[in-house]
Every structure is written in structure tokens, then in C-alpha cells.
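Working notes for the structure below.
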Amino acid sequence: MKLISKLPTVGTSVFTTMSALALEHKAINLGQGFPDFPMSETLIDQVCQAMREQHNQYAPMAGWLPLREAIADKIAYLYQTHVDPVTDITITPGGTYALYNTFTTILQPGDEVIVFEPAYDSYIPGIELNGAKAIRIPLVHPQYHIDWQRVKESCTAKTRAILINTPHNPSGAVLSEQDIASLRDLVEGTDIIIISDEVYEHLIFDGRTHCSMLRYPDLLARSFVCFSFGKVYNCTGWKLGYVVAPSSLMTAFRKIHQFNCFSCHTPMQVALASFLQHRDAYLTLGSSMQERRDAFIALMKPTRFDLLPSYGSYFILATYDRITQEGDKEFAMRLTREAGVTPIPVSAFYTDGTDHKVLRFCFAKKHETLAAAATRLQAV
Ligand code: PMP
Ligand code: GLN
């Protein structure tokens, strides 16, 4: 059977490749971003309870209403913004889907979307599969900040959307109020839609404020804001998330969503509706992840890797010019095979393979995992 690929230049994702290599070589996997510590037993019990109470049939298309109400409460509490749970929130099978369904909702062939690289791997294929063009703008290395002048110069009559991600994967950079002012300046008086990937909403460190689009009513009025429960409750395998958008945009989103997925896993939604009442579970997430980041930084001190600052997310970047001049892919594979530790090469987040010789390590791990990895890396 012959197929013409819609993604002719794309191979297997770097996360699949590196996780398979880690498994093959029994390496400690600090590549793909997922916690290796257990999620909440209470939340697991609540899912089981929901199943036993026979919440096992289709949920409403937009999501279990008590869950959407709990999310609206959380948004009011965290961001002092009122969003209507009936019209402005849709539960999705994960953050990746939320982004993809947004692309399908808003993009017409020939449209352009501003995307910053290094970019999470699903963005550009998702845009291209919907017939649009990604206008790639590099974040300024090594701080990975946005050059807003360059963004301005890259906007055309075809610019349909700008895609932002804060805290940022893979760099751990976060947007500041100054970035928000520049974003506002850029979109004001245009029809540009903001797609905001905020799956690391709570994973922000050192007392920084998460500049969510949910904070700014004028920006929210033109935004699709995407979240993932996997990142909030240490259950990336659940693949459950949600999108917040004003009702005019959300109506269009649901028109597609109803045929793409219809509705998400019911027992998990029922459980999350009550678990979301425990504010501490998400309020303490940033500080506990910050402790893991700090532990990893301390453990890596004796190595010849140089860590760049990480202000949020699961990730920290490392340069390695004191060790080798190898390209990052080659070195990431060699580390897996020879040192028994798997990172992600950051060049994989650039369409043209730009290689600043930087590796991404995931520190969302148990202390003993981080310690064992650092011990192995000391020998490199
Ligand atoms: N966006 C970013 C930046 C991510 O790192 C991830 C990681 N999984 C996602 C979206 C997707 O989230 P989900 O697993 O819920 O699809
Ligand atoms: N978001 C995770 C990462 O960046 C993993 C995503 C995936 O495996 N597709 O590592």
C-alpha cells in the first residue's frame, strides 16, 4: 500500500527515540519529560470511586460541568478573572490535542503562525498539517528571550496567530511583564490570535509570577490558553487537559472538537472536579519542583557540564564545551550508551537543526534518580 505522507520530512519524535535508546542501554532517562515519583493516592482513589459509582459513560462534549466549574473557580482565585465554565472552558485529551484542535479551528491554507524556536515538537507539524505556514523565530540564545523587534518585522497580512509558551520547554525561560507589554503592542489593532501553551503554569520558580493570558482581559479576548492536568498532578500518562478561550472562539473550537474526540475520560474528570478543591496540591507544586531543580544544580556542580538558568518547567539546559565539541545529538546518544544517562539534544527543537551544543535534562525525578545520574555524569 502506498501512502503520500503529509509530513514527508518528519521522522520519529525525539522523545520516542531517546526513551527507546535509554531503555535499550538501561540508562537513567532524564530525557522525556515525566516525573518518576508517584502521583497522589487520593486522586487515584477518587478515580476508582468515580468508576465504582458508574461514571463510566460519555461525559458532555465540552467536559464534565463540575470540573469546568472547579477550573473557573481556580482561575478566579489565581488570576482574578471570571471565565464562564459553560461557554469558555473545554476539557481535552491533553495539552497537545488542545493545541492541535486550536490550529484546526483557526487556520486556513496560507495562513502564517509565529512560532519561537526551540519549539515543543508538536507545534510546527500541527500548523503544517492544517495547511498553514510556521514563521520560525529563534529565541535569543543563551537566555532564550524573545526579540520583539524581529517578531514585529515578521508579521504580515497573513499572520493569523502567535504561539507563546511560558514557562518554556525546553529552556525553562519565562515571559515577563515587559514581554506581555510587547505582545500587547504587537497584537493591538490586528486580528492576530494568541495561542498560549501554559502547561507548566505552576512550575515556576524563585518567586516569579506566571504571566498567564488569563490575567489580561484584553489579551484573553483573543486567546486560546492550553493546559495539561498531566503536569499539575504528576500523571503525564493521563493525557487530559483543557482550553480556555472567549465564547466566540470556543464555539468554533467545539465545532471541531465534537468530531475529533467528542468527549474525554469521564471518571478522571469526576475525580479531578473534587480534587481541584485541594488548592495546596497545585500551590505547592512550584516550590517542590524548585527543590528538585536546586538539588540537581548542586549535584551537577562537580561535573564538567555548565547549567543555564531555569526559571520554570521540568527542564534545565546544559552546555558542555569543557567536555567535547561533538554535536548535541551525537553527544546525547553517546552519553546514553557510554555514561548511562539520557538527555534530549536541544537541536531537535529547531526545524533546521540549529545546534548551540546544548542538552536538556528533566529534573522532575526522585532525589535518588538525580543523584545516580549526576554520579554517572561526573565521570564524563
Ligand atoms: N506543551 C508543552 C510545552 C509540553 O512540554 C507538553 C508536554 N507534554 C505538552 C504541551 C503536552 O501536554 P500533554 O501531555 O497533556 O499533551
Ligand atoms: N512534554 C514532554 C517533553 O517535552 C514529553 C512529550 C512527549 O513525549 N511527546 O519531554
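Simple scheme: letters A, B, ... for chains in C-alpha cells order, numbers from 1 for residues in each chain, numbers from 1 for ligands in the order shown.
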Collect all residues with atoms no farther than 7 Å from ligand 1, counting only C-alpha atoms and all ligand atoms, and output them as an MDAnalysis selection string.
chainID A and resid 33 94:97 120 165 168:169 197 199 228:230 236 239:241
Next, write the just-selected residues to a file, as a PDB file, in the first residue's frame, keeping N, CA, C and O atoms as the atom set.
```pdb
ATOM      1  N   GLY A  33      10.115  14.315  29.271  1.00  0.00           N
ATOM      2  CA  GLY A  33       9.676  14.989  30.496  1.00  0.00           C
ATOM      3  C   GLY A  33       8.520  14.278  31.177  1.00  0.00           C
ATOM      4  O   GLY A  33       7.370  14.422  30.773  1.00  0.00           O
ATOM      5  N   GLY A  94      -5.566  16.076  26.716  1.00  0.00           N
ATOM      6  CA  GLY A  94      -4.178  16.544  26.827  1.00  0.00           C
ATOM      7  C   GLY A  94      -3.942  17.904  26.203  1.00  0.00           C
ATOM      8  O   GLY A  94      -4.814  18.468  25.513  1.00  0.00           O
ATOM      9  N   GLY A  95      -2.749  18.430  26.508  1.00  0.00           N
ATOM     10  CA  GLY A  95      -2.361  19.744  26.006  1.00  0.00           C
ATOM     11  C   GLY A  95      -2.032  19.720  24.521  1.00  0.00           C
ATOM     12  O   GLY A  95      -2.341  20.670  23.788  1.00  0.00           O
ATOM     13  N   THR A  96      -1.420  18.628  24.070  1.00  0.00           N
ATOM     14  CA  THR A  96      -1.045  18.531  22.652  1.00  0.00           C
ATOM     15  C   THR A  96      -2.294  18.606  21.774  1.00  0.00           C
ATOM     16  O   THR A  96      -2.322  19.324  20.772  1.00  0.00           O
ATOM     17  N   TYR A  97      -3.324  17.882  22.182  1.00  0.00           N
ATOM     18  CA  TYR A  97      -4.591  17.904  21.444  1.00  0.00           C
ATOM     19  C   TYR A  97      -5.200  19.307  21.493  1.00  0.00           C
ATOM     20  O   TYR A  97      -5.741  19.792  20.501  1.00  0.00           O
ATOM     21  N   TYR A 120       8.514  23.269  21.175  1.00  0.00           N
ATOM     22  CA  TYR A 120       7.984  21.947  21.522  1.00  0.00           C
ATOM     23  C   TYR A 120       7.629  21.230  20.220  1.00  0.00           C
ATOM     24  O   TYR A 120       7.087  21.838  19.289  1.00  0.00           O
ATOM     25  N   ASN A 165       4.783  30.172  24.771  1.00  0.00           N
ATOM     26  CA  ASN A 165       4.885  29.053  25.724  1.00  0.00           C
ATOM     27  C   ASN A 165       5.676  29.530  26.939  1.00  0.00           C
ATOM     28  O   ASN A 165       6.863  29.780  26.837  1.00  0.00           O
ATOM     29  N   HIS A 168       8.793  27.918  29.563  1.00  0.00           N
ATOM     30  CA  HIS A 168       9.126  27.411  28.237  1.00  0.00           C
ATOM     31  C   HIS A 168       9.836  26.062  28.267  1.00  0.00           C
ATOM     32  O   HIS A 168      10.778  25.866  29.023  1.00  0.00           O
ATOM     33  N   ASN A 169       9.352  25.181  27.410  1.00  0.00           N
ATOM     34  CA  ASN A 169      10.026  23.918  27.133  1.00  0.00           C
ATOM     35  C   ASN A 169      10.744  24.097  25.798  1.00  0.00           C
ATOM     36  O   ASN A 169      10.089  24.436  24.816  1.00  0.00           O
ATOM     37  N   ASP A 197       0.556  28.307  25.312  1.00  0.00           N
ATOM     38  CA  ASP A 197       0.795  26.986  25.883  1.00  0.00           C
ATOM     39  C   ASP A 197       1.300  27.194  27.306  1.00  0.00           C
ATOM     40  O   ASP A 197       2.438  27.606  27.531  1.00  0.00           O
ATOM     41  N   VAL A 199       1.157  24.779  29.877  1.00  0.00           N
ATOM     42  CA  VAL A 199       1.075  23.504  30.592  1.00  0.00           C
ATOM     43  C   VAL A 199       1.960  23.502  31.847  1.00  0.00           C
ATOM     44  O   VAL A 199       1.700  22.752  32.777  1.00  0.00           O
ATOM     45  N   SER A 228      -2.534  21.301  30.834  1.00  0.00           N
ATOM     46  CA  SER A 228      -2.461  19.842  30.911  1.00  0.00           C
ATOM     47  C   SER A 228      -2.524  19.395  32.375  1.00  0.00           C
ATOM     48  O   SER A 228      -1.702  19.833  33.185  1.00  0.00           O
ATOM     49  N   PHE A 229      -3.480  18.537  32.715  1.00  0.00           N
ATOM     50  CA  PHE A 229      -3.514  18.005  34.089  1.00  0.00           C
ATOM     51  C   PHE A 229      -2.312  17.117  34.368  1.00  0.00           C
ATOM     52  O   PHE A 229      -1.909  16.955  35.515  1.00  0.00           O
ATOM     53  N   GLY A 230      -1.766  16.528  33.320  1.00  0.00           N
ATOM     54  CA  GLY A 230      -0.607  15.647  33.488  1.00  0.00           C
ATOM     55  C   GLY A 230       0.531  16.335  34.216  1.00  0.00           C
ATOM     56  O   GLY A 230       1.214  15.727  35.047  1.00  0.00           O
ATOM     57  N   THR A 236       1.441  12.358  33.665  1.00  0.00           N
ATOM     58  CA  THR A 236       1.513  12.726  32.241  1.00  0.00           C
ATOM     59  C   THR A 236       0.810  11.690  31.365  1.00  0.00           C
ATOM     60  O   THR A 236       0.347  12.016  30.278  1.00  0.00           O
ATOM     61  N   LYS A 239      -3.033  12.110  29.923  1.00  0.00           N
ATOM     62  CA  LYS A 239      -3.368  12.846  28.705  1.00  0.00           C
ATOM     63  C   LYS A 239      -4.749  13.508  28.833  1.00  0.00           C
ATOM     64  O   LYS A 239      -5.696  13.216  28.089  1.00  0.00           O
ATOM     65  N   LEU A 240      -4.828  14.390  29.795  1.00  0.00           N
ATOM     66  CA  LEU A 240      -6.063  15.139  29.999  1.00  0.00           C
ATOM     67  C   LEU A 240      -5.693  16.600  30.241  1.00  0.00           C
ATOM     68  O   LEU A 240      -4.751  16.881  30.988  1.00  0.00           O
ATOM     69  N   GLY A 241      -6.391  17.500  29.602  1.00  0.00           N
ATOM     70  CA  GLY A 241      -6.090  18.920  29.772  1.00  0.00           C
ATOM     71  C   GLY A 241      -7.324  19.753  29.475  1.00  0.00           C
ATOM     72  O   GLY A 241      -8.447  19.232  29.461  1.00  0.00           O
TER      73      GLY A 241
END
```
Neighbouring residues of Thr102 (chain A) were defined as those with any atom within 9 Å, considering only C-alpha atoms; residues of the same chain fewer than 6 positions away were excluded. Please report them as a list in words.
Ile195, Phe224, Val243, Phe253 and Ile256 of chain A
Written file, previous selection with C-alpha atoms, as a PDB file, in the first residue's frame:
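The resulting file, part_18.pdb, is shown below:
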```
ATOM      1  CA  ILE A 195      -2.191  30.593  21.313  1.00  0.00           C
ATOM      2  CA  PHE A 224      -6.720  30.058  23.281  1.00  0.00           C
ATOM      3  CA  VAL A 243      -8.527  25.025  26.849  1.00  0.00           C
ATOM      4  CA  PHE A 253     -13.196  25.146  18.758  1.00  0.00           C
ATOM      5  CA  ILE A 256     -14.161  20.724  15.536  1.00  0.00           C
TER       6      ILE A 256
END
```
Kindly provide, as a list in words, all nucleotide and amino acid residues lying within 8 Å of ligand 2, counting only C-alpha atoms and all ligand atoms.
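Result of the 8 Å neighbour search around ligand 2: Ser13, Phe15, Thr16, Gly31, Gln32, Gly33, Phe34, Tyr120, Asp121, Ser122, Asn169, Pro170 and Cys362 of chain A.
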Using only C-alpha atoms, tabulate the residues of region 231-285 of chain A lying at most 8 Å from any atom of region 50-53 of chain A, each with its closest atom pair and that distance in Å to one decimal, by chain and increasing residue number, as a tab-separated table.
```
residue	atom	partner	partner_atom	distance
A:Pro267	CA	A:Ala50	CA	5.1
A:Met268	CA	A:Ala50	CA	7.7
A:Val270	CA	A:Ala50	CA	6.3
A:Ala271	CA	A:Ala50	CA	6.4
```
Let me make sure I understand: among A:Thr266, A:Thr87, A:Thr190, A:Ser40, which one has the smallest atom-to-atom distance to Thr251 (chain A) if we use only C-alpha atoms?
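That would be A:Thr87, the residue with the smallest distance to Thr251 (chain A).
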Just checking: using only C-alpha atoms, which residue out of A:Asp179, A:Glu188, A:Asp306, A:Glu117 ends up closest to Asp352 (chain A)?
A:Glu117
I'd like to know which of A:Glu128, A:Asp88, A:Asp191, A:Asp328 is closest to Ala348 (chain A), using only C-alpha atoms.
A:Asp328
Among region 232-370 of chain A, which residues carry a DSSP assignment of alpha helix (DSSP H), reported as an MDAnalysis selection string?
chainID A and resid 232 247:260 266:275 279:283 285:300 328:334 367:370
Name the closest residue to Gly340 (chain A) among the candidates A:Leu7, A:Val140, A:Leu317, A:Ala372; distances are taken between atoms, counting only C-alpha atoms.
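Result for the nearest residue to Gly340 (chain A): A:Ala372.
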From the list A:Ser288, A:Thr156, A:Ser176, A:Ser19, which residue is nearest Lys366 (chain A) when using only C-alpha atoms?
A:Ser288
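Neighbours of Val358 (chain A) closer than or equal to 6 Å, with only C-alpha atoms counted and sequence neighbours fewer than 6 positions away skipped, come out as Ala318, Thr319 and Val346 of chain A.
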Point out the residue among A:Val174, A:Ala59, A:Ile180, A:Val380 with the least atom-to-atom distance to Ser263 (chain A), counting only C-alpha atoms.
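Closest to Ser263 (chain A), using only C-alpha atoms: A:Ala59.
When the distance limit is 7 Å and only C-alpha atoms are what count, the residues near Phe361 (chain A), minus those fewer than 5 positions from it on the same chain, are Leu30, Gly31, Phe315, Ile316, Leu317, Pro343 and Ile344 of chain A.
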Could those residues be written to a file, using C-alpha atoms, as a PDB file, in the first residue's frame?
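So the final result, stored in result-v8.pdb, reads:
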```pdb
ATOM      1  CA  LEU A  30      16.426  12.436  32.093  1.00  0.00           C
ATOM      2  CA  GLY A  31      15.214  12.960  28.523  1.00  0.00           C
ATOM      3  CA  PHE A 315      13.787  21.246  32.477  1.00  0.00           C
ATOM      4  CA  ILE A 316      17.246  22.714  32.719  1.00  0.00           C
ATOM      5  CA  LEU A 317      19.708  23.193  29.871  1.00  0.00           C
ATOM      6  CA  PRO A 343      19.284  13.860  27.927  1.00  0.00           C
ATOM      7  CA  ILE A 344      17.458  15.468  24.973  1.00  0.00           C
TER       8      ILE A 344
END
```
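Contact shell of Lys255 (chain A) at 12 Å (only C-alpha atoms; same-chain neighbours under 5 positions omitted): A:Met61, A:Ala62, A:Thr90, A:Asn101, A:Thr102, A:Thr104, A:Thr105, A:Ile106, A:Ser248, A:Leu249, A:Met250, A:Asn260, A:Cys261, A:Phe262.
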